[in-house]
file structure.txt (compact mmCIF, C-alpha atoms and all ligand atoms)
# COMPACT_ATOMS: atom_id res chain seq x y z
CA MET G 180 15.72 -0.86 -12.04
CA SER G 181 16.22 1.65 -14.80
CA GLU G 182 13.50 0.60 -17.21
CA GLU G 183 9.84 0.80 -16.30
CA LEU G 184 8.13 -2.57 -16.05
CA VAL G 185 4.46 -2.85 -16.98
CA PHE G 186 2.08 -5.72 -16.24
CA ARG G 187 -1.31 -5.72 -17.97
CA PHE G 188 -4.40 -7.73 -17.12
CA LYS G 189 -7.94 -8.14 -18.44
CA VAL G 190 -10.26 -8.47 -15.49
CA ASP G 191 -13.20 -10.71 -16.34
CA GLY G 192 -16.51 -9.25 -15.28
CA ASP G 193 -18.70 -12.31 -15.03
CA ASP G 194 -16.34 -14.75 -13.42
CA PHE G 195 -16.27 -14.70 -9.67
CA THR G 196 -14.15 -17.78 -9.54
CA SER G 197 -11.19 -16.02 -11.08
CA ALA G 198 -11.70 -12.72 -9.25
CA GLY G 199 -8.43 -11.75 -7.63
CA GLN G 200 -6.27 -13.56 -10.16
CA ALA G 201 -4.60 -10.42 -11.46
CA SER G 202 -3.73 -9.39 -7.91
CA VAL G 203 -2.29 -12.81 -7.14
CA GLN G 204 -0.15 -12.60 -10.28
CA VAL G 205 1.03 -9.08 -9.47
CA LYS G 206 2.04 -10.19 -5.99
CA LYS G 207 4.09 -13.02 -7.49
CA ASN G 208 5.77 -10.65 -9.93
CA LEU G 209 6.62 -8.09 -7.25
CA ARG G 210 8.09 -10.81 -5.07
CA GLN G 211 10.35 -11.89 -7.89
CA LEU G 212 11.51 -8.30 -8.21
CA GLY G 213 12.55 -8.41 -4.57
CA LEU G 214 10.35 -5.57 -3.32
CA SER G 215 9.80 -5.28 0.43
CA ALA G 216 7.02 -7.29 2.10
CA GLU G 217 5.43 -4.03 3.25
CA VAL G 218 5.22 -2.58 -0.29
CA ILE G 219 3.94 -5.88 -1.68
CA LYS G 220 1.25 -6.07 1.00
CA ARG G 221 0.04 -2.52 0.29
CA VAL G 222 -0.03 -3.06 -3.48
CA SER G 223 -1.83 -6.41 -3.02
CA VAL G 224 -4.59 -4.95 -0.85
CA ALA G 225 -5.16 -1.93 -3.10
CA MET G 226 -5.06 -3.94 -6.30
CA TYR G 227 -7.34 -6.69 -4.95
CA GLU G 228 -9.99 -4.24 -3.78
CA GLY G 229 -9.87 -2.41 -7.11
CA GLU G 230 -10.02 -5.64 -9.07
CA ILE G 231 -12.98 -6.94 -7.06
CA ASN G 232 -14.80 -3.62 -7.54
CA MET G 233 -14.39 -3.90 -11.30
CA VAL G 234 -15.86 -7.41 -11.15
CA ILE G 235 -18.81 -6.74 -8.84
CA HIS G 236 -19.67 -3.16 -9.79
CA ALA G 237 -18.46 -2.60 -13.36
CA GLY G 238 -18.61 -5.88 -15.30
CA GLY G 239 -14.83 -6.12 -15.55
CA GLY G 240 -12.14 -3.88 -16.97
CA ASP G 241 -8.44 -3.40 -17.53
CA ALA G 242 -5.70 -3.33 -14.93
CA GLU G 243 -2.18 -2.08 -15.41
CA VAL G 244 0.66 -2.14 -12.91
CA ARG G 245 3.79 -0.09 -13.55
CA VAL G 246 6.92 -0.58 -11.55
CA SER G 247 9.26 2.38 -11.56
CA GLU G 248 12.19 3.28 -9.34
CA ASP G 249 10.17 5.37 -6.91
CA TYR G 250 6.73 3.81 -6.87
CA ILE G 251 4.37 1.11 -8.05
CA GLU G 252 1.46 2.54 -10.01
CA ILE G 253 -1.85 0.70 -10.37
CA VAL G 254 -4.26 1.88 -13.06
CA LEU G 255 -7.77 0.39 -13.14
CA ASP G 256 -9.99 1.30 -16.04
CA ASP G 257 -13.55 0.11 -16.57
CA LYS G 258 -16.56 0.88 -18.74
CA GLY G 259 -19.05 0.26 -15.98
CA PRO G 260 -21.87 2.49 -14.71
CA GLY G 261 -19.58 4.99 -13.00
CA ILE G 262 -19.72 6.23 -9.41
CA LYS G 263 -22.45 8.78 -8.74
CA ASN G 264 -21.08 10.28 -5.53
CA ILE G 265 -17.39 9.63 -4.98
CA ASP G 266 -17.29 11.20 -1.50
CA LEU G 267 -20.10 8.92 -0.40
CA ALA G 268 -18.49 5.87 -2.03
CA MET G 269 -15.25 6.62 -0.16
CA GLN G 270 -16.99 6.39 3.21
CA GLU G 271 -16.33 3.26 5.26
CA GLY G 272 -19.30 0.94 5.16
CA TYR G 273 -21.01 2.50 2.13
CA SER G 274 -21.90 -0.18 -0.40
CA THR G 275 -24.43 -0.77 -3.14
CA ALA G 276 -23.54 -4.48 -3.37
CA SER G 277 -26.42 -6.96 -3.60
CA ASP G 278 -27.19 -9.60 -0.98
CA THR G 279 -25.79 -12.29 -3.27
CA ILE G 280 -22.49 -10.42 -3.46
CA ARG G 281 -22.52 -9.94 0.32
CA SER G 282 -23.08 -13.63 0.93
CA LEU G 283 -19.75 -14.22 -0.81
CA GLY G 284 -17.96 -12.01 1.71
CA PHE G 285 -17.82 -8.84 -0.40
CA GLY G 286 -19.73 -5.61 -0.05
CA ALA G 287 -18.35 -4.50 3.31
CA GLY G 288 -17.96 -1.01 1.91
CA MET G 289 -14.28 -1.09 2.85
CA GLY G 290 -12.79 -1.41 -0.62
CA LEU G 291 -12.27 2.23 -1.59
CA PRO G 292 -11.31 3.23 1.99
CA ASN G 293 -8.75 0.39 2.05
CA MET G 294 -7.39 1.51 -1.33
CA ARG G 295 -6.86 5.01 0.03
CA LYS G 296 -5.42 3.77 3.31
CA TYR G 297 -2.86 1.47 1.72
CA THR G 298 -1.62 3.79 -1.03
CA ASP G 299 0.34 7.03 -1.04
CA TYR G 300 -1.66 8.54 -3.90
CA MET G 301 -5.11 7.80 -5.25
CA ASP G 302 -7.16 9.54 -7.92
CA ILE G 303 -10.66 8.57 -9.08
CA GLN G 304 -12.12 9.79 -12.35
CA SER G 305 -15.65 8.59 -12.92
CA GLU G 306 -18.44 9.48 -15.27
CA ILE G 307 -21.96 8.10 -15.07
CA GLY G 308 -22.65 5.71 -17.94
CA VAL G 309 -19.08 5.95 -19.21
CA GLY G 310 -16.84 4.31 -16.64
CA THR G 311 -14.33 4.70 -13.86
CA LYS G 312 -10.57 5.14 -13.90
CA ILE G 313 -8.60 4.84 -10.70
CA VAL G 314 -4.88 5.57 -10.40
CA MET G 315 -3.03 4.57 -7.23
CA ARG G 316 0.61 4.72 -6.24
CA VAL G 317 2.57 3.01 -3.53
CA ASN G 318 6.01 4.48 -2.90
CA CYS G 319 8.84 1.97 -2.69
CA MET C 170 3.75 -24.28 15.96
CA THR C 171 3.47 -25.61 12.40
CA VAL C 172 0.22 -26.40 10.63
CA ASN C 173 1.06 -30.09 10.85
CA GLU C 174 1.62 -29.87 14.59
CA LEU C 175 -1.73 -28.11 14.95
CA ILE C 176 -3.43 -30.97 13.12
CA SER C 177 -1.77 -33.56 15.33
CA THR C 178 -3.54 -32.04 18.36
CA GLY C 179 -6.67 -33.61 16.91
CA TYR C 180 -8.96 -30.58 17.02
CA PHE C 181 -8.45 -29.46 13.43
CA LYS C 182 -8.72 -31.76 10.43
CA PRO C 183 -6.73 -31.27 7.23
CA VAL C 184 -8.83 -30.48 4.13
CA SER C 185 -6.04 -29.23 1.87
CA LEU C 186 -2.46 -29.56 3.06
CA PRO C 187 0.06 -28.60 0.38
CA SER C 188 2.43 -26.87 2.85
CA PRO C 189 2.19 -28.75 6.16
CA ASN C 190 5.38 -27.27 7.61
CA ARG C 191 4.30 -23.65 7.55
CA GLU C 192 4.69 -21.90 10.87
CA ILE C 193 1.61 -20.34 12.47
CA VAL C 194 2.26 -16.93 13.99
CA GLY C 195 -0.86 -15.36 15.47
CA ALA C 196 -4.38 -15.56 14.08
CA TYR C 197 -7.16 -13.51 12.56
CA VAL C 198 -10.89 -14.20 12.72
CA GLY C 199 -13.27 -12.77 10.13
CA ASP C 200 -15.59 -13.37 7.20
CA LEU C 201 -15.66 -10.03 5.40
CA LEU C 202 -12.94 -10.31 2.79
CA SER C 203 -12.02 -6.60 2.82
CA TRP C 204 -11.36 -6.74 6.55
CA VAL C 205 -9.30 -9.87 6.22
CA MET C 206 -7.34 -8.37 3.29
CA GLY C 207 -6.53 -5.30 5.33
CA ARG C 208 -5.95 -6.85 8.74
CA ALA C 209 -4.68 -10.42 8.50
CA GLU C 210 -0.89 -10.69 8.73
CA ALA C 211 1.38 -13.10 6.89
CA ASP C 212 1.69 -16.44 8.76
CA ASN C 213 -1.54 -15.92 10.70
CA ALA C 214 -4.05 -18.73 10.91
CA TRP C 215 -7.30 -17.30 9.48
CA ILE C 216 -10.47 -18.62 11.10
CA THR C 217 -13.64 -18.12 9.07
CA ILE C 218 -16.97 -19.60 8.06
CA MET C 219 -16.60 -18.48 4.43
CA SER C 220 -15.68 -21.25 2.04
CA ASN C 221 -16.10 -19.93 -1.50
CA VAL C 222 -13.24 -19.69 -3.96
CA ASN C 223 -12.51 -16.05 -3.12
CA VAL C 224 -11.26 -17.21 0.27
CA ILE C 225 -8.40 -18.93 -1.51
CA ALA C 226 -7.42 -15.73 -3.35
CA VAL C 227 -7.47 -13.76 -0.09
CA ALA C 228 -5.45 -16.46 1.69
CA THR C 229 -2.86 -16.28 -1.11
CA LEU C 230 -2.70 -12.49 -1.04
CA THR C 231 -2.43 -12.20 2.74
CA ASP C 232 -0.03 -15.14 2.86
CA VAL C 233 -1.73 -16.68 5.89
CA SER C 234 -0.28 -20.02 6.97
CA CYS C 235 -3.68 -21.73 6.89
CA VAL C 236 -7.40 -21.15 6.61
CA ILE C 237 -9.41 -22.77 9.40
CA LEU C 238 -13.07 -23.39 8.55
CA ALA C 239 -15.08 -23.37 11.77
CA GLU C 240 -18.64 -24.47 12.57
CA GLY C 241 -18.35 -27.63 10.49
CA VAL C 242 -18.14 -25.69 7.22
CA SER C 243 -16.67 -27.71 4.34
CA LEU C 244 -15.07 -26.93 0.98
CA ASP C 245 -16.61 -28.03 -2.27
CA GLY C 246 -14.45 -30.01 -4.65
CA GLU C 247 -13.78 -27.18 -7.06
CA VAL C 248 -12.57 -24.85 -4.32
CA LEU C 249 -10.46 -27.64 -2.87
CA SER C 250 -8.67 -28.14 -6.17
CA VAL C 251 -7.93 -24.40 -6.36
CA ALA C 252 -6.58 -24.48 -2.79
CA LEU C 253 -4.26 -27.36 -3.66
CA GLU C 254 -3.17 -25.69 -6.88
CA LYS C 255 -2.41 -22.39 -5.13
CA GLY C 256 -0.68 -24.09 -2.22
CA VAL C 257 -3.18 -22.93 0.40
CA ASN C 258 -3.55 -25.00 3.58
CA VAL C 259 -7.17 -25.44 4.67
CA LEU C 260 -8.26 -27.12 7.92
CA SER C 261 -11.71 -27.61 9.35
CA CYS C 262 -13.30 -28.11 12.74
CA GLU C 263 -16.76 -28.57 14.21
CA LEU C 264 -16.14 -25.90 16.84
CA PRO C 265 -18.04 -22.60 16.68
CA LEU C 266 -15.89 -19.58 15.76
CA TYR C 267 -15.34 -18.42 19.33
CA GLU C 268 -14.37 -21.84 20.66
CA ALA C 269 -12.16 -22.46 17.64
CA ALA C 270 -10.32 -19.18 18.33
CA ILE C 271 -9.96 -19.99 22.05
CA LYS C 272 -8.70 -23.49 21.28
CA LEU C 273 -6.19 -22.20 18.75
CA GLY C 274 -5.11 -19.33 21.00
CA GLY C 275 -4.26 -21.75 23.77
CA MET C 276 -1.92 -23.69 21.52
CA ILE C 277 -0.01 -21.20 19.38
N1 LIG I 1 -15.44 0.46 -10.45
C1 LIG I 1 -16.62 0.86 -9.96
N2 LIG I 1 -17.66 1.14 -10.79
C2 LIG I 1 -18.86 1.55 -10.31
N3 LIG I 1 -19.12 1.72 -9.00
C3 LIG I 1 -18.13 1.46 -8.12
C4 LIG I 1 -16.83 1.03 -8.54
N4 LIG I 1 -16.06 0.87 -7.45
C5 LIG I 1 -16.82 1.20 -6.39
N5 LIG I 1 -18.07 1.57 -6.78
C6 LIG I 1 -19.17 2.04 -5.91
O1 LIG I 1 -18.63 2.48 -4.67
C7 LIG I 1 -19.19 1.73 -3.60
C8 LIG I 1 -18.17 1.54 -2.50
O2 LIG I 1 -17.09 0.73 -2.96
P1 LIG I 1 -16.25 -0.12 -1.91
O3 LIG I 1 -15.75 0.80 -0.85
O4 LIG I 1 -15.25 -0.93 -2.63
O5 LIG I 1 -17.35 -1.05 -1.23
P2 LIG I 1 -18.04 -2.41 -1.75
O6 LIG I 1 -17.30 -2.87 -2.97
O7 LIG I 1 -17.89 -3.33 -0.60
O8 LIG I 1 -19.46 -2.06 -2.06
C9 LIG I 1 -19.68 0.46 -4.22
O9 LIG I 1 -20.70 -0.17 -3.47
C10 LIG I 1 -20.17 0.95 -5.59
O10 LIG I 1 -21.45 1.55 -5.47
MG MG I 2 -15.30 -3.03 -2.99
call {"tool": "encode", "arguments": {"input": "structure.txt", "output": "structure tokens"}}
result
Amino acid sequence: MSEELVFRFKVDGDDFTSAGQASVQVKKNLRQLGLSAEVIKRVSVAMYEGEINMVIHAGGGDAEVRVSEDYIEIVLDDKGPGIKNIDLAMQEGYSTASDTIRSLGFGAGMGLPNMRKYTDYMDIQSEIGVGTKIVMRVNC
Amino acid sequence: MTVNELISTGYFKPVSLPSPNREIVGAYVGDLLSWVMGRAEADNAWITIMSNVNVIAVATLTDVSCVILAEGVSLDGEVLSVALEKGVNVLSCELPLYEAAIKLGGMI
């Protein structure tokens, strides 16, 4: 791979039924590129958690996945409410999700911790009332 | 054991069966999607009581060989059509989660 490949997705904020679609598509694309099962699994988990967070916490957003020689980079950008306390949000089990969201199986407070655990690099930029931008990388 | 062979034991009924010959290797039990995303392995059977459409996305992403709905939980028609479209096997049983896991564990 000499050229950088980029996949872009709009993540719909009010459609639970399609939540996860971008991640499913990314997984398919990475498989076609012949990446290892381990790398694909890590990208899938990180991307899915980030995608779901944009749907349940931020009203949707944009996702971008770049495939370069050394790593897969996932960039998630939303114009949601922002994260007040990132350290707190990163703790396992911390969640502000509503009961309705929980009844769907989300809101375990494991999303951000999983994203950190499954990636080699993760950076969160968030501003209250402006939005959140998360960059993650998985080395391949 | 394949998903089809599991069904032929009579304890688990097919709900959606687009890939009957998938091999079952190990299992995972859980309802919180983040846990399942992080812990379930490819080819596991995933036993759960969750049946909304997000289960199908998680099953696709984790590449489990089948979803087993325990406790008599059923799929609504819309979710079923997504499962078929995405090629996700879904079985169901009347057994409570624990008994379903024990039953499955004794066979795979
Ligand atoms: N994109 C986002 N925009 C605003 N808040 C977010 C975003 N992502 C995460 N959060 C906040 O961080 C918390 C923890 O996130 P996470 O670990 O994924 O747990 P969960 O999604 O299960 O609540 C969320 O409950 C929410 O308050
Ligand atoms: Mg989350």
call {"tool": "closest_atom_pairs", "arguments": {"input": "structure.txt", "of": "chain G", "to": "ligand MG 2 (chain I)", "cutoff": "12 Å", "atoms": "all atoms listed in the file", "output": "Markdown table"}}
result
| residue | atom | partner | partner_atom | distance |
| --- | --- | --- | --- | --- |
| G:Val224 | CA | I:MG2 | MG | 11.1 |
| G:Ala225 | CA | I:MG2 | MG | 10.2 |
| G:Met226 | CA | I:MG2 | MG | 10.8 |
| G:Tyr227 | CA | I:MG2 | MG | 9.0 |
| G:Glu228 | CA | I:MG2 | MG | 5.5 |
| G:Gly229 | CA | I:MG2 | MG | 6.8 |
| G:Glu230 | CA | I:MG2 | MG | 8.5 |
| G:Ile231 | CA | I:MG2 | MG | 6.1 |
| G:Asn232 | CA | I:MG2 | MG | 4.6 |
| G:Met233 | CA | I:MG2 | MG | 8.4 |
| G:Val234 | CA | I:MG2 | MG | 9.3 |
| G:Ile235 | CA | I:MG2 | MG | 7.8 |
| G:His236 | CA | I:MG2 | MG | 8.1 |
| G:Ala237 | CA | I:MG2 | MG | 10.8 |
| G:Ala268 | CA | I:MG2 | MG | 9.5 |
| G:Met269 | CA | I:MG2 | MG | 10.1 |
| G:Gln270 | CA | I:MG2 | MG | 11.4 |
| G:Glu271 | CA | I:MG2 | MG | 10.4 |
| G:Gly272 | CA | I:MG2 | MG | 9.9 |
| G:Tyr273 | CA | I:MG2 | MG | 9.5 |
| G:Ser274 | CA | I:MG2 | MG | 7.6 |
| G:Thr275 | CA | I:MG2 | MG | 9.4 |
| G:Ala276 | CA | I:MG2 | MG | 8.4 |
| G:Ser277 | CA | I:MG2 | MG | 11.8 |
| G:Ile280 | CA | I:MG2 | MG | 10.3 |
| G:Arg281 | CA | I:MG2 | MG | 10.5 |
| G:Gly284 | CA | I:MG2 | MG | 10.5 |
| G:Phe285 | CA | I:MG2 | MG | 6.8 |
| G:Gly286 | CA | I:MG2 | MG | 5.9 |
| G:Ala287 | CA | I:MG2 | MG | 7.2 |
| G:Gly288 | CA | I:MG2 | MG | 5.9 |
| G:Met289 | CA | I:MG2 | MG | 6.2 |
| G:Gly290 | CA | I:MG2 | MG | 3.8 |
| G:Leu291 | CA | I:MG2 | MG | 6.2 |
| G:Pro292 | CA | I:MG2 | MG | 8.9 |
| G:Asn293 | CA | I:MG2 | MG | 8.9 |
| G:Met294 | CA | I:MG2 | MG | 9.3 |
call {"tool": "write_last_selection", "arguments": {"input": "structure.txt", "atoms": "C-alpha atoms", "output": "PDB file, keeping the file's coordinate frame"}}
result
ATOM      1  CA  VAL G 224      -4.590  -4.950  -0.850  1.00  0.00           C
ATOM      2  CA  ALA G 225      -5.160  -1.930  -3.100  1.00  0.00           C
ATOM      3  CA  MET G 226      -5.060  -3.940  -6.300  1.00  0.00           C
ATOM      4  CA  TYR G 227      -7.340  -6.690  -4.950  1.00  0.00           C
ATOM      5  CA  GLU G 228      -9.990  -4.240  -3.780  1.00  0.00           C
ATOM      6  CA  GLY G 229      -9.870  -2.410  -7.110  1.00  0.00           C
ATOM      7  CA  GLU G 230     -10.020  -5.640  -9.070  1.00  0.00           C
ATOM      8  CA  ILE G 231     -12.980  -6.940  -7.060  1.00  0.00           C
ATOM      9  CA  ASN G 232     -14.800  -3.620  -7.540  1.00  0.00           C
ATOM     10  CA  MET G 233     -14.390  -3.900 -11.300  1.00  0.00           C
ATOM     11  CA  VAL G 234     -15.860  -7.410 -11.150  1.00  0.00           C
ATOM     12  CA  ILE G 235     -18.810  -6.740  -8.840  1.00  0.00           C
ATOM     13  CA  HIS G 236     -19.670  -3.160  -9.790  1.00  0.00           C
ATOM     14  CA  ALA G 237     -18.460  -2.600 -13.360  1.00  0.00           C
ATOM     15  CA  ALA G 268     -18.490   5.870  -2.030  1.00  0.00           C
ATOM     16  CA  MET G 269     -15.250   6.620  -0.160  1.00  0.00           C
ATOM     17  CA  GLN G 270     -16.990   6.390   3.210  1.00  0.00           C
ATOM     18  CA  GLU G 271     -16.330   3.260   5.260  1.00  0.00           C
ATOM     19  CA  GLY G 272     -19.300   0.940   5.160  1.00  0.00           C
ATOM     20  CA  TYR G 273     -21.010   2.500   2.130  1.00  0.00           C
ATOM     21  CA  SER G 274     -21.900  -0.180  -0.400  1.00  0.00           C
ATOM     22  CA  THR G 275     -24.430  -0.770  -3.140  1.00  0.00           C
ATOM     23  CA  ALA G 276     -23.540  -4.480  -3.370  1.00  0.00           C
ATOM     24  CA  SER G 277     -26.420  -6.960  -3.600  1.00  0.00           C
ATOM     25  CA  ILE G 280     -22.490 -10.420  -3.460  1.00  0.00           C
ATOM     26  CA  ARG G 281     -22.520  -9.940   0.320  1.00  0.00           C
ATOM     27  CA  GLY G 284     -17.960 -12.010   1.710  1.00  0.00           C
ATOM     28  CA  PHE G 285     -17.820  -8.840  -0.400  1.00  0.00           C
ATOM     29  CA  GLY G 286     -19.730  -5.610  -0.050  1.00  0.00           C
ATOM     30  CA  ALA G 287     -18.350  -4.500   3.310  1.00  0.00           C
ATOM     31  CA  GLY G 288     -17.960  -1.010   1.910  1.00  0.00           C
ATOM     32  CA  MET G 289     -14.280  -1.090   2.850  1.00  0.00           C
ATOM     33  CA  GLY G 290     -12.790  -1.410  -0.620  1.00  0.00           C
ATOM     34  CA  LEU G 291     -12.270   2.230  -1.590  1.00  0.00           C
ATOM     35  CA  PRO G 292     -11.310   3.230   1.990  1.00  0.00           C
ATOM     36  CA  ASN G 293      -8.750   0.390   2.050  1.00  0.00           C
ATOM     37  CA  MET G 294      -7.390   1.510  -1.330  1.00  0.00           C
TER      38      MET G 294
END
call {"tool": "axis_aligned_box", "arguments": {"input": "structure.txt", "around": "range 232-240 of chain G", "padding_each_side": "4 Å", "output": "JSON"}}
result
{"center_x": -15.9, "center_y": -5.0, "center_z": -12.3, "size_x": 15.5, "size_y": 12.8, "size_z": 17.4}
call {"tool": "closest_residue", "arguments": {"input": "structure.txt", "among": "C:Asn173, C:Leu186, C:Leu201, C:Ser261", "to": "ligand LIG 1 (chain I)", "atoms": "only C-alpha atoms and all ligand atoms"}}
result
C:Leu201
call {"tool": "closest_atom_pairs", "arguments": {"input": "structure.txt", "of": "chain C", "to": "ligand LIG 1 (chain I)", "cutoff": "12 Å", "atoms": "all atoms listed in the file", "output": "Markdown table"}}
result
| residue | atom | partner | partner_atom | distance |
| --- | --- | --- | --- | --- |
| C:Leu201 | CA | I:LIG1 | O7 | 9.3 |
| C:Leu202 | CA | I:LIG1 | O7 | 9.2 |
| C:Ser203 | CA | I:LIG1 | O7 | 7.5 |
| C:Trp204 | CA | I:LIG1 | O7 | 10.3 |
call {"tool": "interface_residues", "arguments": {"input": "structure.txt", "of": "chain C", "to": "chain G", "cutoff": "8 Å", "atoms": "only C-alpha atoms", "output": "list of chain:residue names"}}
result
C:Asp200, C:Leu201, C:Leu202, C:Ser203, C:Trp204, C:Met206, C:Gly207, C:Met219, C:Asn221, C:Val222, C:Asn223, C:Ala226, C:Val227, C:Thr229, C:Leu230, C:Thr231
call {"tool": "closest_residue", "arguments": {"input": "structure.txt", "among": "C:Ile237, C:Met276, C:Val184, C:Ile216", "to": "Ser250 in chain C", "atoms": "all atoms listed in the file"}}
result
C:Val184
call {"tool": "atom_distance", "arguments": {"input": "structure.txt", "atom1": "CA of Val172 in chain C", "atom2": "CA of Glu210 in chain C"}}
result
15.9 Å
call {"tool": "residues_around", "arguments": {"input": "structure.txt", "residues": "Ala252 in chain C", "least_positions_apart": "4", "cutoff": "7 Å", "atoms": "only C-alpha atoms", "output": "list in words"}}
result
Ser185, Ile225, Val248, Gly256 and Val257 of chain C
call {"tool": "build_atoms", "arguments": {"input": "structure.txt", "residues": "range 266-284 of chain G", "atoms": "N, CA, C and O atoms", "output": "mmCIF file, in the coordinates of the input"}}
result
data_model
loop_
_atom_site.group_PDB
_atom_site.id
_atom_site.type_symbol
_atom_site.label_atom_id
_atom_site.label_comp_id
_atom_site.auth_asym_id
_atom_site.auth_seq_id
_atom_site.Cartn_x
_atom_site.Cartn_y
_atom_site.Cartn_z
ATOM 1 N N ASP G 266 -17.487 10.971 -2.946
ATOM 2 C CA ASP G 266 -17.290 11.200 -1.500
ATOM 3 C C ASP G 266 -18.049 10.171 -0.677
ATOM 4 O O ASP G 266 -17.539 9.648 0.305
ATOM 5 N N LEU G 267 -19.268 9.903 -1.102
ATOM 6 C CA LEU G 267 -20.100 8.920 -0.400
ATOM 7 C C LEU G 267 -19.478 7.522 -0.547
ATOM 8 O O LEU G 267 -19.365 6.759 0.419
ATOM 9 N N ALA G 268 -19.079 7.189 -1.767
ATOM 10 C CA ALA G 268 -18.490 5.870 -2.030
ATOM 11 C C ALA G 268 -17.215 5.648 -1.225
ATOM 12 O O ALA G 268 -16.886 4.512 -0.860
ATOM 13 N N MET G 269 -16.504 6.727 -0.915
ATOM 14 C CA MET G 269 -15.250 6.620 -0.160
ATOM 15 C C MET G 269 -15.483 6.385 1.326
ATOM 16 O O MET G 269 -14.558 6.072 2.062
ATOM 17 N N GLN G 270 -16.725 6.573 1.778
ATOM 18 C CA GLN G 270 -16.990 6.390 3.210
ATOM 19 C C GLN G 270 -16.972 4.916 3.605
ATOM 20 O O GLN G 270 -17.484 4.066 2.887
ATOM 21 N N GLU G 271 -16.381 4.641 4.765
ATOM 22 C CA GLU G 271 -16.330 3.260 5.260
ATOM 23 C C GLU G 271 -17.736 2.741 5.474
ATOM 24 O O GLU G 271 -18.556 3.404 6.101
ATOM 25 N N GLY G 272 -18.005 1.559 4.948
ATOM 26 C CA GLY G 272 -19.300 0.940 5.160
ATOM 27 C C GLY G 272 -20.329 1.234 4.072
ATOM 28 O O GLY G 272 -21.358 0.580 4.008
ATOM 29 N N TYR G 273 -20.051 2.217 3.198
ATOM 30 C CA TYR G 273 -21.010 2.500 2.130
ATOM 31 C C TYR G 273 -20.847 1.470 1.006
ATOM 32 O O TYR G 273 -19.755 1.261 0.488
ATOM 33 N N SER G 274 -21.950 0.827 0.659
ATOM 34 C CA SER G 274 -21.900 -0.180 -0.400
ATOM 35 C C SER G 274 -23.235 -0.324 -1.090
ATOM 36 O O SER G 274 -24.284 -0.266 -0.453
ATOM 37 N N THR G 275 -23.205 -0.501 -2.393
ATOM 38 C CA THR G 275 -24.430 -0.770 -3.140
ATOM 39 C C THR G 275 -24.499 -2.255 -3.546
ATOM 40 O O THR G 275 -25.338 -2.638 -4.348
ATOM 41 N N ALA G 276 -23.596 -3.061 -2.985
ATOM 42 C CA ALA G 276 -23.540 -4.480 -3.370
ATOM 43 C C ALA G 276 -24.825 -5.221 -2.999
ATOM 44 O O ALA G 276 -25.444 -4.924 -1.975
ATOM 45 N N SER G 277 -25.200 -6.182 -3.830
ATOM 46 C CA SER G 277 -26.420 -6.960 -3.600
ATOM 47 C C SER G 277 -26.204 -7.997 -2.489
ATOM 48 O O SER G 277 -25.085 -8.264 -2.089
ATOM 49 N N ASP G 278 -27.285 -8.581 -2.025
ATOM 50 C CA ASP G 278 -27.190 -9.600 -0.980
ATOM 51 C C ASP G 278 -26.383 -10.814 -1.450
ATOM 52 O O ASP G 278 -25.658 -11.421 -0.668
ATOM 53 N N THR G 279 -26.538 -11.151 -2.733
ATOM 54 C CA THR G 279 -25.790 -12.290 -3.270
ATOM 55 C C THR G 279 -24.286 -12.024 -3.156
ATOM 56 O O THR G 279 -23.519 -12.890 -2.733
ATOM 57 N N ILE G 280 -23.899 -10.811 -3.539
ATOM 58 C CA ILE G 280 -22.490 -10.420 -3.460
ATOM 59 C C ILE G 280 -22.021 -10.456 -1.998
ATOM 60 O O ILE G 280 -20.937 -10.944 -1.684
ATOM 61 N N ARG G 281 -22.877 -9.953 -1.109
ATOM 62 C CA ARG G 281 -22.520 -9.940 0.320
ATOM 63 C C ARG G 281 -22.341 -11.336 0.867
ATOM 64 O O ARG G 281 -21.479 -11.571 1.710
ATOM 65 N N SER G 282 -23.173 -12.267 0.401
ATOM 66 C CA SER G 282 -23.080 -13.630 0.930
ATOM 67 C C SER G 282 -21.762 -14.279 0.548
ATOM 68 O O SER G 282 -21.363 -15.276 1.119
ATOM 69 N N LEU G 283 -21.057 -13.690 -0.426
ATOM 70 C CA LEU G 283 -19.750 -14.220 -0.810
ATOM 71 C C LEU G 283 -18.621 -13.579 0.000
ATOM 72 O O LEU G 283 -17.453 -13.907 -0.175
ATOM 73 N N GLY G 284 -18.980 -12.645 0.868
ATOM 74 C CA GLY G 284 -17.960 -12.010 1.710
ATOM 75 C C GLY G 284 -17.520 -10.650 1.225
ATOM 76 O O GLY G 284 -16.657 -10.016 1.818
#
